[in-house]
Amino acid sequence: MARGAALPITIRQVTKTYGRIHALDHVDLDIQSGEFLTLLGPSGSGKTTLLMVLAGFTRPDHGSLRFGEDEVIRRPPHKRDVGMVFQNYALFPHMDVAGNVGFPLRLRGVPRAEAERRIEAALDLVQLGGYGGRRVDQLSGGQRQRVALARAIVFEPRILLMDEPLSALDKQLRERMQIELRRLHDRLGMTTVYVTHDQREALTMSDRIAVIQGGGIMQLDTPRRIYEQPANRFVAEFIGESSFLPVERDGAGFRYGAHILRIAAPPPEADGHLLMVRPERLRLVAADEPGEDNHFPATVEDVVYQGDSVLVQAVLADGIRIAVRTAPTADAVPVEGAAVTLALSPADTVVIADR
Amino acid sequence: MGWLSRPATETQITHGRRLWLYAVAVLVMAFLVLPTLIVVPMSFSGSQYLEFPPREWSLRWYRTYLASPEWMQATWTSLKAGVLTMLVATPLGTLAAYGLFTARVGLGRLVFALLVTPIIVPVILVGIGVFYAYVQLKLVNTLAGIVLAHAMLAVPIVLMIVTAALKSHDMSQEMVARSLGASRLRAFLLVTLPQIRFSVATSAVLAFLTSFDEVIVALFVSGGPNSTLTRSMFNALRDQIDPTIAAISTIMILVSSLLLAVAQTVGQPRRPAVK
């Protein structure tokens, strides 16, 4: 398939209220041409509403939406020329696979021979070559998902929207499809907006992630930045596991209890701050190990074997519980009740805004 | 003997212990069907009067019916009224069902309730009300008047059948179709309508029968050259007891049963073949 020119999407001050609830609250977002952007958030956060605004099924109360240079906020869905994949696939059961994939071409009056060629090319692209004559109810869940995808890209839209397209698949298939979707995006180069509540999916696939909560964007960043420098406690809690320790300002820096923290990156300006600790970034070390790391003495409370790792629950001196993930090698695993020292490198010592 | 002790269900209840249930079922069916079927042998009577069982057999009353210009005209009126009622009520009822189902506004329930009142209100009241309205509108004894009144009775049936079909239809398919470039109308015509077509067809048959079988409203608003078959039969019963009525009834039973049978067989969506 030809690589269509992708379009940037510009969202300005988009607001949608349902009664008193702000589903979207003055959202500004610039999605770059050809970017794979994920809207990540819990249910009810507004991520799906935002996608529906992009698709044209929801008209915001006010705000502006541009595809490239064109203002499209008043344009009905069928004139927006965006491909869309829905959570439940919504294949047409009264058509066979080729009928489904060819539907957008039929609407556009594409001549039969060309349509057939493009249907086959789209099916090849999603690895369903030769499935055109199958009935929809003969397909497995994964195959239906691929048909839905082929149908959304066959007319070479410059924008592709996906609403939790993998949530109905089992874990293994989902992980394989994540890689496949990302490859497909790289090959076709269309601007892709992907909605999910699965943080791992978002981290795996996206160029950038917009974390959405309460109708607003909490943080817009690369997966690495989102994970390692979350803007606030909500983002840190929503993405990955973390423990939070109270910190106080100490001159230019911060201290936890009496310990002055060594921090690599300067924390954001905020009223209150927290130290965010990712369990896998903590190391169990000897109490007198030299170096730049921040050290926290603790007592092991619980040790849970999880196959690929061991999750250690420890209690710090002030009674705060903290989780540590460590390799399940015999020498690294502490025993319950043991006094240990937890080390955190300055790069992993991330002080974030409390709210 | 062997059959009686065989299990009838997964819970091992035998046919023997189910005999009472079968007997009740047969009795109920007989009660429902026999009074209707009794006119069938009566229609083949050779006698002047309605009698059961007939003492001699003949087709003379069918000949009388077919040779009578009045009966033929009434039949023609009924067929026209039935087809026109179907053509008016099916699209209207389908549109109403679709609109109320997709709009999901608070007023929708009220509108739905209003639309189905004609089959809840006693038909005699509908007849009286329609008659007074038609006197003002000069629609009494016109075909248009009959069709409008019958469509009012048929729309609720179409509405309910199509609404039921839409409830089991996945409306996100229409959203997909629209995102793929179909206007709302085309999305409905290309995606939703093909999938609810059996229900729409069934409701069309029932709309026809609603008009074709209707007598009470027809008594009020059809007359003269635009008398429906049922109205003429009612008059004939009052004036002279004549086996022609039995012959016409038999034909009507046949037509209704055939149409319902067609609706039943055509109205069943094909089940996907089990592999």
# chains A, B, ... in the order shown; residues from 1 in each chain; ligands from 1
>>> select_by_dssp(residues="region 257-352 of chain A", states="strand (DSSP E)", output="PyMOL selection string")
chain A and resi 259-260+273-277+283-285+294-305+310-316+321-326+339-344+350-352
>>> residues_around(residues="Ser227 (chain B)", least_positions_apart="6", cutoff="8 Å", atoms="only C-alpha atoms", output="ChimeraX atom specification")
/B:74,77-78,141,218
>>> closest_atom_pairs(of="chain B", to="chain A", cutoff="8 Å", atoms="only C-alpha atoms", output="JSON lines")
{"residue": "B:Asp170", "atom": "CA", "partner": "A:Ala90", "partner_atom": "CA", "distance": 7.4}
{"residue": "B:Ser172", "atom": "CA", "partner": "A:Ala90", "partner_atom": "CA", "distance": 6.2}
{"residue": "B:Gln173", "atom": "CA", "partner": "A:Ala90", "partner_atom": "CA", "distance": 5.0}
{"residue": "B:Met175", "atom": "CA", "partner": "A:Phe57", "partner_atom": "CA", "distance": 8.0}
{"residue": "B:Val176", "atom": "CA", "partner": "A:Ala90", "partner_atom": "CA", "distance": 7.0}
{"residue": "B:Ala177", "atom": "CA", "partner": "A:Pro104", "partner_atom": "CA", "distance": 7.9}
{"residue": "B:Arg178", "atom": "CA", "partner": "A:His78", "partner_atom": "CA", "distance": 4.9}
{"residue": "B:Ser179", "atom": "CA", "partner": "A:His78", "partner_atom": "CA", "distance": 5.2}
{"residue": "B:Leu180", "atom": "CA", "partner": "A:Pro104", "partner_atom": "CA", "distance": 5.2}
{"residue": "B:Gly181", "atom": "CA", "partner": "A:His78", "partner_atom": "CA", "distance": 4.0}
{"residue": "B:Ala182", "atom": "CA", "partner": "A:His78", "partner_atom": "CA", "distance": 5.4}
{"residue": "B:Ser183", "atom": "CA", "partner": "A:His78", "partner_atom": "CA", "distance": 5.8}
{"residue": "B:Val191", "atom": "CA", "partner": "A:Phe92", "partner_atom": "CA", "distance": 7.0}
{"residue": "B:Pro194", "atom": "CA", "partner": "A:His94", "partner_atom": "CA", "distance": 7.4}
{"residue": "B:Gln195", "atom": "CA", "partner": "A:His94", "partner_atom": "CA", "distance": 6.8}
{"residue": "B:Pro272", "atom": "CA", "partner": "A:Asp137", "partner_atom": "CA", "distance": 7.8}
>>> write_last_selection(atoms="N, CA, C and O atoms", output="PDB file, in the first residue's frame")
ATOM      1  N   ASP B 170     -26.067  -4.737  16.888  1.00  0.00           N
ATOM      2  CA  ASP B 170     -24.931  -3.987  17.427  1.00  0.00           C
ATOM      3  C   ASP B 170     -24.827  -2.645  16.701  1.00  0.00           C
ATOM      4  O   ASP B 170     -24.380  -2.576  15.559  1.00  0.00           O
ATOM      5  N   SER B 172     -22.903  -0.226  17.115  1.00  0.00           N
ATOM      6  CA  SER B 172     -21.580   0.332  16.828  1.00  0.00           C
ATOM      7  C   SER B 172     -21.170   0.025  15.388  1.00  0.00           C
ATOM      8  O   SER B 172     -20.287   0.688  14.843  1.00  0.00           O
ATOM      9  N   GLN B 173     -21.819  -0.948  14.759  1.00  0.00           N
ATOM     10  CA  GLN B 173     -21.547  -1.189  13.338  1.00  0.00           C
ATOM     11  C   GLN B 173     -21.863   0.037  12.495  1.00  0.00           C
ATOM     12  O   GLN B 173     -21.188   0.322  11.513  1.00  0.00           O
ATOM     13  N   MET B 175     -21.722   3.105  13.571  1.00  0.00           N
ATOM     14  CA  MET B 175     -20.661   4.095  13.817  1.00  0.00           C
ATOM     15  C   MET B 175     -19.442   3.771  12.964  1.00  0.00           C
ATOM     16  O   MET B 175     -18.828   4.662  12.367  1.00  0.00           O
ATOM     17  N   VAL B 176     -19.092   2.491  12.897  1.00  0.00           N
ATOM     18  CA  VAL B 176     -17.970   2.088  12.048  1.00  0.00           C
ATOM     19  C   VAL B 176     -18.238   2.518  10.615  1.00  0.00           C
ATOM     20  O   VAL B 176     -17.392   3.143   9.967  1.00  0.00           O
ATOM     21  N   ALA B 177     -19.441   2.206  10.128  1.00  0.00           N
ATOM     22  CA  ALA B 177     -19.769   2.537   8.746  1.00  0.00           C
ATOM     23  C   ALA B 177     -19.627   4.032   8.503  1.00  0.00           C
ATOM     24  O   ALA B 177     -19.101   4.461   7.467  1.00  0.00           O
ATOM     25  N   ARG B 178     -20.053   4.821   9.489  1.00  0.00           N
ATOM     26  CA  ARG B 178     -19.954   6.272   9.315  1.00  0.00           C
ATOM     27  C   ARG B 178     -18.500   6.709   9.328  1.00  0.00           C
ATOM     28  O   ARG B 178     -18.096   7.580   8.552  1.00  0.00           O
ATOM     29  N   SER B 179     -17.695   6.095  10.207  1.00  0.00           N
ATOM     30  CA  SER B 179     -16.277   6.484  10.227  1.00  0.00           C
ATOM     31  C   SER B 179     -15.602   6.078   8.914  1.00  0.00           C
ATOM     32  O   SER B 179     -14.623   6.694   8.504  1.00  0.00           O
ATOM     33  N   LEU B 180     -16.146   5.064   8.247  1.00  0.00           N
ATOM     34  CA  LEU B 180     -15.536   4.607   6.997  1.00  0.00           C
ATOM     35  C   LEU B 180     -16.031   5.394   5.795  1.00  0.00           C
ATOM     36  O   LEU B 180     -15.623   5.122   4.671  1.00  0.00           O
ATOM     37  N   GLY B 181     -16.941   6.340   6.032  1.00  0.00           N
ATOM     38  CA  GLY B 181     -17.334   7.216   4.943  1.00  0.00           C
ATOM     39  C   GLY B 181     -18.801   7.171   4.553  1.00  0.00           C
ATOM     40  O   GLY B 181     -19.187   7.740   3.537  1.00  0.00           O
ATOM     41  N   ALA B 182     -19.633   6.492   5.353  1.00  0.00           N
ATOM     42  CA  ALA B 182     -21.050   6.414   5.011  1.00  0.00           C
ATOM     43  C   ALA B 182     -21.827   7.480   5.770  1.00  0.00           C
ATOM     44  O   ALA B 182     -21.619   7.669   6.966  1.00  0.00           O
ATOM     45  N   SER B 183     -22.742   8.172   5.061  1.00  0.00           N
ATOM     46  CA  SER B 183     -23.636   9.085   5.761  1.00  0.00           C
ATOM     47  C   SER B 183     -24.552   8.244   6.646  1.00  0.00           C
ATOM     48  O   SER B 183     -24.618   7.026   6.511  1.00  0.00           O
ATOM     49  N   VAL B 191     -25.964  -1.165   6.314  1.00  0.00           N
ATOM     50  CA  VAL B 191     -25.472  -1.986   7.427  1.00  0.00           C
ATOM     51  C   VAL B 191     -26.610  -2.462   8.333  1.00  0.00           C
ATOM     52  O   VAL B 191     -26.738  -3.650   8.602  1.00  0.00           O
ATOM     53  N   PRO B 194     -30.097  -4.306   6.256  1.00  0.00           N
ATOM     54  CA  PRO B 194     -29.943  -5.698   5.819  1.00  0.00           C
ATOM     55  C   PRO B 194     -29.971  -6.688   6.975  1.00  0.00           C
ATOM     56  O   PRO B 194     -30.367  -7.833   6.791  1.00  0.00           O
ATOM     57  N   GLN B 195     -29.582  -6.227   8.152  1.00  0.00           N
ATOM     58  CA  GLN B 195     -29.524  -7.169   9.273  1.00  0.00           C
ATOM     59  C   GLN B 195     -30.837  -7.264  10.036  1.00  0.00           C
ATOM     60  O   GLN B 195     -31.035  -8.205  10.794  1.00  0.00           O
ATOM     61  N   PRO B 272     -25.934 -19.752  11.134  1.00  0.00           N
ATOM     62  CA  PRO B 272     -24.686 -20.181  10.515  1.00  0.00           C
ATOM     63  C   PRO B 272     -24.551 -21.701  10.601  1.00  0.00           C
ATOM     64  O   PRO B 272     -24.889 -22.294  11.632  1.00  0.00           O
TER      65      PRO B 272
END
>>> select_by_dssp(residues="region 165-335 of chain A", states="alpha helix (DSSP H)", output="JSON, numbers by chain")
{"A": [171, 172, 173, 174, 175, 176, 177, 178, 179, 180, 181, 182, 183, 184, 185, 186, 187, 188, 199, 200, 201, 202, 203, 204, 205, 223, 224, 225, 226, 227, 228, 233, 234, 235, 236, 237, 238]}
>>> write_last_selection(atoms="C-alpha atoms", output="PDB file, in the first residue's frame")
ATOM      1  CA  LYS A 171      -2.556 -11.750  26.928  1.00  0.00           C
ATOM      2  CA  GLN A 172      -0.186 -13.511  24.542  1.00  0.00           C
ATOM      3  CA  LEU A 173      -2.080 -12.514  21.415  1.00  0.00           C
ATOM      4  CA  ARG A 174      -2.392  -8.984  22.745  1.00  0.00           C
ATOM      5  CA  GLU A 175       1.353  -8.658  23.181  1.00  0.00           C
ATOM      6  CA  ARG A 176       2.003  -9.992  19.678  1.00  0.00           C
ATOM      7  CA  MET A 177      -0.563  -7.626  18.180  1.00  0.00           C
ATOM      8  CA  GLN A 178       0.997  -4.661  19.980  1.00  0.00           C
ATOM      9  CA  ILE A 179       4.238  -5.250  18.126  1.00  0.00           C
ATOM     10  CA  GLU A 180       2.386  -5.867  14.856  1.00  0.00           C
ATOM     11  CA  LEU A 181       0.289  -2.709  15.164  1.00  0.00           C
ATOM     12  CA  ARG A 182       3.368  -0.663  15.840  1.00  0.00           C
ATOM     13  CA  ARG A 183       5.163  -2.164  12.815  1.00  0.00           C
ATOM     14  CA  LEU A 184       2.140  -1.482  10.642  1.00  0.00           C
ATOM     15  CA  HIS A 185       2.083   2.108  11.805  1.00  0.00           C
ATOM     16  CA  ASP A 186       5.764   2.528  10.999  1.00  0.00           C
ATOM     17  CA  ARG A 187       5.172   1.098   7.539  1.00  0.00           C
ATOM     18  CA  LEU A 188       2.099   3.152   6.647  1.00  0.00           C
ATOM     19  CA  GLN A 199      -0.200   1.226  30.802  1.00  0.00           C
ATOM     20  CA  ARG A 200       2.087  -1.535  29.551  1.00  0.00           C
ATOM     21  CA  GLU A 201       0.426  -1.382  26.139  1.00  0.00           C
ATOM     22  CA  ALA A 202       0.912   2.372  26.081  1.00  0.00           C
ATOM     23  CA  LEU A 203       4.590   2.080  27.047  1.00  0.00           C
ATOM     24  CA  THR A 204       5.198  -0.613  24.421  1.00  0.00           C
ATOM     25  CA  MET A 205       3.619   1.059  21.411  1.00  0.00           C
ATOM     26  CA  PRO A 223       7.056   6.530  27.455  1.00  0.00           C
ATOM     27  CA  ARG A 224      10.462   6.718  29.152  1.00  0.00           C
ATOM     28  CA  ARG A 225       9.865  10.201  30.543  1.00  0.00           C
ATOM     29  CA  ILE A 226       6.361   9.268  31.677  1.00  0.00           C
ATOM     30  CA  TYR A 227       7.725   6.284  33.555  1.00  0.00           C
ATOM     31  CA  GLU A 228      10.878   7.813  34.928  1.00  0.00           C
ATOM     32  CA  ARG A 233       1.555  11.270  42.025  1.00  0.00           C
ATOM     33  CA  PHE A 234      -1.406  10.321  39.826  1.00  0.00           C
ATOM     34  CA  VAL A 235       0.776   9.607  36.812  1.00  0.00           C
ATOM     35  CA  ALA A 236       3.301   7.716  38.945  1.00  0.00           C
ATOM     36  CA  GLU A 237       0.599   5.562  40.504  1.00  0.00           C
ATOM     37  CA  PHE A 238      -1.174   4.902  37.246  1.00  0.00           C
TER      38      PHE A 238
END
>>> residues_around(residues="region 256-262 of chain B", least_positions_apart="3", cutoff="8 Å", atoms="only C-alpha atoms", output="PyMOL selection string")
chain B and resi 205-206+209+252-253+265-267
>>> write_last_selection(atoms="N, CA, C and O atoms", output="tab-separated table (two decimals), in the first residue's frame")
chain	number	residue	atom	x	y	z
B	205	VAL	N	-45.85	-8.08	6.98
B	205	VAL	CA	-46.92	-9.07	6.84
B	205	VAL	C	-47.98	-8.85	7.92
B	205	VAL	O	-49.19	-8.85	7.64
B	206	LEU	N	-47.51	-8.61	9.14
B	206	LEU	CA	-48.48	-8.40	10.23
B	206	LEU	C	-49.24	-7.10	10.04
B	206	LEU	O	-50.41	-7.01	10.41
B	209	LEU	N	-51.96	-7.94	7.67
B	209	LEU	CA	-53.02	-8.73	8.31
B	209	LEU	C	-53.82	-7.88	9.30
B	209	LEU	O	-55.01	-8.09	9.48
B	252	MET	N	-60.09	-16.61	4.03
B	252	MET	CA	-59.30	-15.68	4.85
B	252	MET	C	-58.35	-16.41	5.79
B	252	MET	O	-57.20	-16.00	5.99
B	253	ILE	N	-58.87	-17.53	6.38
B	253	ILE	CA	-58.00	-18.31	7.26
B	253	ILE	C	-56.79	-18.80	6.47
B	253	ILE	O	-55.64	-18.74	6.92
B	265	THR	N	-41.13	-18.61	8.03
B	265	THR	CA	-39.98	-19.28	7.41
B	265	THR	C	-38.99	-18.27	6.87
B	265	THR	O	-37.78	-18.39	7.10
B	266	VAL	N	-39.51	-17.22	6.20
B	266	VAL	CA	-38.60	-16.20	5.68
B	266	VAL	C	-38.02	-15.38	6.82
B	266	VAL	O	-36.88	-14.94	6.78
B	267	GLY	N	-38.83	-15.21	7.87
B	267	GLY	CA	-38.43	-14.35	8.98
B	267	GLY	C	-37.36	-14.94	9.87
B	267	GLY	O	-36.84	-14.26	10.72
>>> closest_residue(among="B:Val140, B:Leu153, B:Ile161, B:Val255", to="Asn226 (chain B)", atoms="only C-alpha atoms")
B:Val140
>>> residues_around(residues="region 261-278 of chain A", least_positions_apart="4", cutoff="10 Å", atoms="only C-alpha atoms", output="PyMOL selection string")
chain A and resi 227-233+236-237+240-250+252-257+282+292-295+322-325+344-355
>>> decode(residues="region 232-262 of chain B", atoms="N, CA and C atoms", output="CSV table (one decimal), in the first residue's frame")
chain,number,residue,atom,x,y,z
B,232,SER,N,-68.4,-6.2,5.2
B,232,SER,CA,-69.5,-6.8,4.5
B,232,SER,C,-69.9,-8.1,5.1
B,233,MET,N,-69.0,-8.9,5.6
B,233,MET,CA,-69.3,-10.2,6.3
B,233,MET,C,-70.1,-9.9,7.5
B,234,PHE,N,-69.8,-8.9,8.2
B,234,PHE,CA,-70.5,-8.6,9.5
B,234,PHE,C,-71.9,-8.2,9.1
B,235,ASN,N,-72.1,-7.4,8.1
B,235,ASN,CA,-73.4,-7.1,7.7
B,235,ASN,C,-74.2,-8.3,7.2
B,236,ALA,N,-73.6,-9.1,6.4
B,236,ALA,CA,-74.2,-10.3,5.9
B,236,ALA,C,-74.7,-11.2,7.1
B,237,LEU,N,-73.9,-11.3,8.1
B,237,LEU,CA,-74.2,-12.2,9.2
B,237,LEU,C,-75.5,-11.6,9.9
B,238,ARG,N,-75.6,-10.3,10.0
B,238,ARG,CA,-76.7,-9.7,10.6
B,238,ARG,C,-78.0,-9.9,9.8
B,239,ASP,N,-77.8,-9.7,8.5
B,239,ASP,CA,-79.0,-9.7,7.7
B,239,ASP,C,-79.5,-11.1,7.4
B,240,GLN,N,-78.6,-12.0,6.8
B,240,GLN,CA,-79.0,-13.3,6.5
B,240,GLN,C,-77.9,-14.3,6.8
B,241,ILE,N,-78.3,-15.4,7.5
B,241,ILE,CA,-77.2,-16.4,7.8
B,241,ILE,C,-77.0,-17.2,6.5
B,242,ASP,N,-75.8,-17.1,6.0
B,242,ASP,CA,-75.6,-17.6,4.6
B,242,ASP,C,-74.2,-18.3,4.6
B,243,PRO,N,-74.1,-19.5,4.2
B,243,PRO,CA,-72.8,-20.2,4.2
B,243,PRO,C,-71.7,-19.5,3.3
B,244,THR,N,-72.1,-18.5,2.5
B,244,THR,CA,-71.0,-17.8,1.8
B,244,THR,C,-70.0,-17.3,2.8
B,245,ILE,N,-70.5,-16.8,4.0
B,245,ILE,CA,-69.6,-16.3,5.0
B,245,ILE,C,-68.6,-17.3,5.4
B,246,ALA,N,-69.1,-18.6,5.5
B,246,ALA,CA,-68.1,-19.7,5.9
B,246,ALA,C,-67.1,-19.9,4.8
B,247,ALA,N,-67.5,-19.8,3.6
B,247,ALA,CA,-66.5,-19.9,2.5
B,247,ALA,C,-65.5,-18.8,2.5
B,248,ILE,N,-66.0,-17.5,2.7
B,248,ILE,CA,-65.0,-16.4,2.7
B,248,ILE,C,-64.1,-16.6,3.9
B,249,SER,N,-64.7,-17.0,5.1
B,249,SER,CA,-63.9,-17.2,6.3
B,249,SER,C,-62.8,-18.2,6.0
B,250,THR,N,-63.1,-19.3,5.3
B,250,THR,CA,-62.1,-20.3,5.1
B,250,THR,C,-61.0,-19.7,4.2
B,251,ILE,N,-61.4,-18.9,3.2
B,251,ILE,CA,-60.4,-18.4,2.3
B,251,ILE,C,-59.5,-17.4,3.1
B,252,MET,N,-60.1,-16.6,4.0
B,252,MET,CA,-59.3,-15.7,4.8
B,252,MET,C,-58.4,-16.4,5.8
B,253,ILE,N,-58.9,-17.5,6.4
B,253,ILE,CA,-58.0,-18.3,7.3
B,253,ILE,C,-56.8,-18.8,6.5
B,254,LEU,N,-57.1,-19.3,5.2
B,254,LEU,CA,-56.0,-19.8,4.4
B,254,LEU,C,-55.0,-18.7,4.1
B,255,VAL,N,-55.5,-17.5,3.7
B,255,VAL,CA,-54.6,-16.4,3.3
B,255,VAL,C,-53.7,-16.0,4.5
B,256,SER,N,-54.4,-15.8,5.7
B,256,SER,CA,-53.7,-15.4,6.9
B,256,SER,C,-52.6,-16.4,7.3
B,257,SER,N,-53.0,-17.7,7.3
B,257,SER,CA,-52.1,-18.8,7.7
B,257,SER,C,-50.9,-18.8,6.8
B,258,LEU,N,-51.2,-18.7,5.4
B,258,LEU,CA,-50.1,-18.8,4.5
B,258,LEU,C,-49.1,-17.6,4.7
B,259,LEU,N,-49.7,-16.4,4.9
B,259,LEU,CA,-48.8,-15.2,5.1
B,259,LEU,C,-48.0,-15.4,6.3
B,260,LEU,N,-48.6,-15.9,7.4
B,260,LEU,CA,-47.9,-16.0,8.6
B,260,LEU,C,-46.8,-17.1,8.5
B,261,ALA,N,-47.1,-18.2,7.7
B,261,ALA,CA,-46.2,-19.3,7.5
B,261,ALA,C,-45.0,-18.7,6.7
B,262,VAL,N,-45.3,-17.9,5.7
B,262,VAL,CA,-44.2,-17.3,4.9
B,262,VAL,C,-43.3,-16.4,5.8
